[in-house]
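Peer 1: Handing over work.txt, compact mmCIF, C-alpha atoms.
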# COMPACT_ATOMS: atom_id res chain seq x y z
CA MET A 298 65.68 -13.01 -16.37
CA SER A 299 66.30 -15.70 -18.93
CA ASN A 300 63.77 -16.74 -21.55
CA ARG A 301 63.43 -20.16 -19.95
CA TYR A 302 62.28 -18.61 -16.65
CA ARG A 303 59.89 -16.23 -18.44
CA ILE A 304 58.32 -19.13 -20.34
CA ALA A 305 58.01 -21.19 -17.12
CA LEU A 306 56.43 -18.21 -15.36
CA LEU A 307 53.92 -17.64 -18.20
CA VAL A 308 53.02 -21.36 -18.29
CA GLY A 309 52.53 -21.34 -14.52
CA LEU A 310 50.30 -18.27 -14.62
CA ALA A 311 48.28 -19.77 -17.47
CA ALA A 312 47.78 -22.97 -15.47
CA VAL A 313 46.61 -21.05 -12.40
CA ALA A 314 44.19 -19.00 -14.53
CA ALA A 315 42.83 -22.14 -16.19
CA VAL A 316 42.18 -23.78 -12.82
CA GLY A 317 40.42 -20.62 -11.65
CA PHE A 318 38.11 -20.59 -14.67
CA VAL A 319 37.28 -24.28 -14.30
CA ALA A 320 36.57 -23.89 -10.57
CA ALA A 321 34.33 -20.87 -11.25
CA ASP A 322 32.18 -22.92 -13.63
CA LYS A 323 31.30 -25.52 -10.97
CA PRO A 324 27.79 -25.17 -9.55
CA ALA A 325 27.32 -24.43 -5.87
CA PRO A 326 27.04 -27.55 -3.72
CA ALA A 327 23.48 -28.79 -3.46
CA LYS A 328 21.66 -28.35 -0.18
CA ASP A 329 21.34 -31.58 1.75
CA PRO A 330 17.86 -32.97 0.98
CA ALA A 331 17.47 -34.06 4.60
CA ALA A 332 17.94 -30.50 5.88
CA HIS A 333 14.74 -28.59 6.56
CA ASP A 334 13.91 -25.03 7.53
CA PHE A 335 10.63 -24.67 9.43
CA GLY A 336 10.47 -20.94 8.71
CA THR A 337 8.35 -18.95 11.15
CA LYS A 338 6.60 -21.97 12.66
CA VAL A 339 6.89 -22.62 16.39
CA LEU A 340 7.59 -26.27 17.17
CA LEU A 341 6.51 -28.29 20.17
CA LEU A 342 8.80 -31.34 20.28
CA SER A 343 7.94 -34.38 22.38
CA VAL A 344 11.20 -36.14 23.23
CA ARG A 345 12.27 -39.37 24.89
CA THR A 346 14.79 -37.70 27.19
CA THR A 347 13.87 -35.53 30.15
CA GLY A 348 15.13 -31.96 30.26
CA PRO A 349 16.40 -29.90 33.19
CA ASP A 350 12.83 -28.86 34.01
CA LYS A 351 11.78 -32.56 34.15
CA SER A 352 9.57 -32.19 31.09
CA ASN A 353 9.63 -34.22 27.92
CA ALA A 354 8.63 -31.28 25.74
CA ARG A 355 10.62 -28.55 24.03
CA VAL A 356 9.17 -25.41 22.46
CA LEU A 357 11.43 -23.87 19.82
CA GLU A 358 11.17 -21.16 17.18
CA GLN A 359 13.26 -20.35 14.09
CA CYS A 360 13.95 -24.07 13.69
CA THR A 361 16.05 -25.90 11.15
CA THR A 362 17.58 -29.33 10.99
CA ARG A 363 21.36 -29.59 11.05
CA GLN A 364 23.85 -32.39 10.97
CA LEU A 365 26.76 -32.62 13.40
CA CYS A 366 29.22 -35.52 13.38
CA GLY A 367 26.82 -37.67 11.36
CA ARG A 368 23.86 -37.12 13.70
CA TRP A 369 20.81 -34.97 12.84
CA PHE A 370 19.36 -32.35 15.19
CA VAL A 371 16.40 -29.99 15.29
CA VAL A 372 18.01 -26.65 16.14
CA GLY A 373 16.05 -23.64 17.33
CA LEU A 374 15.74 -20.82 19.82
CA THR A 375 13.87 -21.02 23.10
CA PRO A 376 11.09 -18.40 22.96
CA ASP A 377 9.77 -16.28 25.80
CA LEU A 378 7.47 -18.74 27.56
CA GLY A 379 6.92 -16.75 30.72
CA PRO A 380 8.63 -16.01 34.02
CA GLU A 381 9.47 -19.65 34.87
CA TYR A 382 11.57 -19.97 31.71
CA THR A 383 13.52 -16.70 31.64
CA ASP A 384 16.85 -18.52 32.11
CA TYR A 385 16.31 -20.35 28.83
CA LYS A 386 14.89 -17.49 26.72
CA GLY A 387 16.90 -16.94 23.54
CA THR A 388 19.19 -19.93 24.01
CA THR A 389 19.94 -22.13 21.03
CA VAL A 390 18.84 -25.71 21.64
CA TRP A 391 19.97 -28.79 19.69
CA VAL A 392 17.54 -31.71 20.05
CA PRO A 393 18.66 -35.02 18.51
CA VAL A 394 16.17 -36.06 15.85
CA ASP A 395 16.37 -39.68 17.00
CA GLU A 396 15.07 -38.56 20.43
CA VAL A 397 12.01 -36.79 18.94
CA ILE A 398 8.76 -38.76 19.25
CA GLN A 399 6.40 -36.13 17.86
CA ILE A 400 6.54 -32.66 16.31
CA ASN A 401 3.62 -30.22 16.55
CA GLU A 402 3.84 -27.13 14.32
CA PHE A 403 2.11 -23.93 15.38
CA ASP A 404 1.69 -20.72 13.40
CA ASN A 405 2.90 -18.53 16.26
CA LEU A 406 3.89 -18.49 19.91
CA ASP A 407 0.54 -17.12 21.10
CA VAL A 408 -1.19 -20.36 20.07
CA VAL A 409 1.32 -22.39 22.11
CA LYS A 410 0.90 -20.13 25.16
CA LYS A 411 -2.90 -20.50 24.99
CA MET A 412 -2.55 -24.26 24.79
CA TYR A 413 -0.28 -24.30 27.87
CA ALA A 414 -2.65 -22.00 29.76
CA ASN A 415 -5.59 -24.32 28.99
CA GLN A 416 -3.58 -27.34 30.20
CA GLN A 417 -2.71 -25.57 33.46
CA ARG A 418 -6.38 -24.69 34.03
CA GLN A 419 -7.37 -28.31 33.43
CA LYS A 420 -4.77 -29.54 35.91
CA GLY A 421 -6.14 -27.14 38.52
CA GLU A 422 -9.72 -28.39 38.14
In structure tokens, write the structure found in this file.

Peer 2:
Amino acid sequence: MSNRYRIALLVGLAAVAAVGFVAADKPAPAKDPAAHDFGTKVLLLSVRTTGPDKSNARVLEQCTTRQLCGRWFVVGLTPDLGPEYTDYKGTTVWVPVDEVIQINEFDNLDVVKKMYANQQRQKGE
């Protein structure tokens, strides 16, 4: 191998190494300030649209907000709400933020179930 090729190879390797060091010094991209993690809270979302069960409410757990194609969503899992909702249990649901009218945060699913039970009793009276 000629000296010219060796020098070109060394210069190329040095350039690649320099780029690697510069890239390693860059801080991690900042988290989007609009993104939110609701932690362990259970959310009751009131929405404008009507779901497959003809209700305007969604109960979700393990919720975060995520952006997809420029539109924001509340994303969470459907909890175990009882026998009528077994088809939906554990499914990931994306609710458009611009369809949400109100968000109620609950500490756990038991509180939501008690609230629903009280509403059903009131309807029966």

Peer 1: For A:Asp407, which of A:Cys366, A:Val339, A:Ala332, A:Val344 is the closest residue, counting all atoms listed in the file?

Peer 2: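 Counting all atoms listed in the file, the residue closest to A:Asp407 is A:Val339.
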
Peer 1: To one decimal in Å, tell me the separation between atom CA of A:Thr383 and atom CA of A:Val409.

Peer 2: 16.5 Å

Peer 1: Which of these, A:Glu381, A:Asp334, A:Glu358, A:Asp395, has the shortest distance to A:Thr346 once you count all atoms listed in the file?

Peer 2: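 Closest to A:Thr346 of all the choices is A:Asp395.
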
Peer 1: For each of A:Phe335, A:Gln416, A:Leu341, A:Pro376, take the minimum atom-to-atom distance to A:Cys360, counting all atoms listed in the file, then give the residue where this is smallest.

Peer 2: A:Phe335

Peer 1: Please, what distance in Å, to one decimal, runs between atom CA of A:Thr362 and atom CA of A:Val408?

Peer 2: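 Separation between atom CA of A:Thr362 and atom CA of A:Val408: 22.7 Å.
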
Peer 1: Closest to A:Ala354 among A:Ile400, A:Pro393, A:Trp369, A:His333, using only C-alpha atoms?

Peer 2: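 Of all the options, A:Ile400 lies closest to A:Ala354.
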
Peer 1: For the atom pair atom CA of A:Arg355 and atom CA of A:Thr375, what is the interatomic distance in Å to one decimal place?

Peer 2: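 Taking atom CA of A:Arg355 as the start and atom CA of A:Thr375 as the end point, the length is 8.3 Å.
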
Peer 1: Identify which of the residues A:Asp404, A:Glu396, A:Asp377, A:Asp384 lies closest to A:Asn353, counting only C-alpha atoms when measuring atom-to-atom distances.

Peer 2: A:Glu396

Peer 1: With distances taken over only C-alpha atoms, which residue among A:Ser343, A:Gln364, A:Asn415, A:Gln359 lies nearest A:Val397?

Peer 2: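 Looking at the shortest contact to A:Val397, the residue is A:Ser343.
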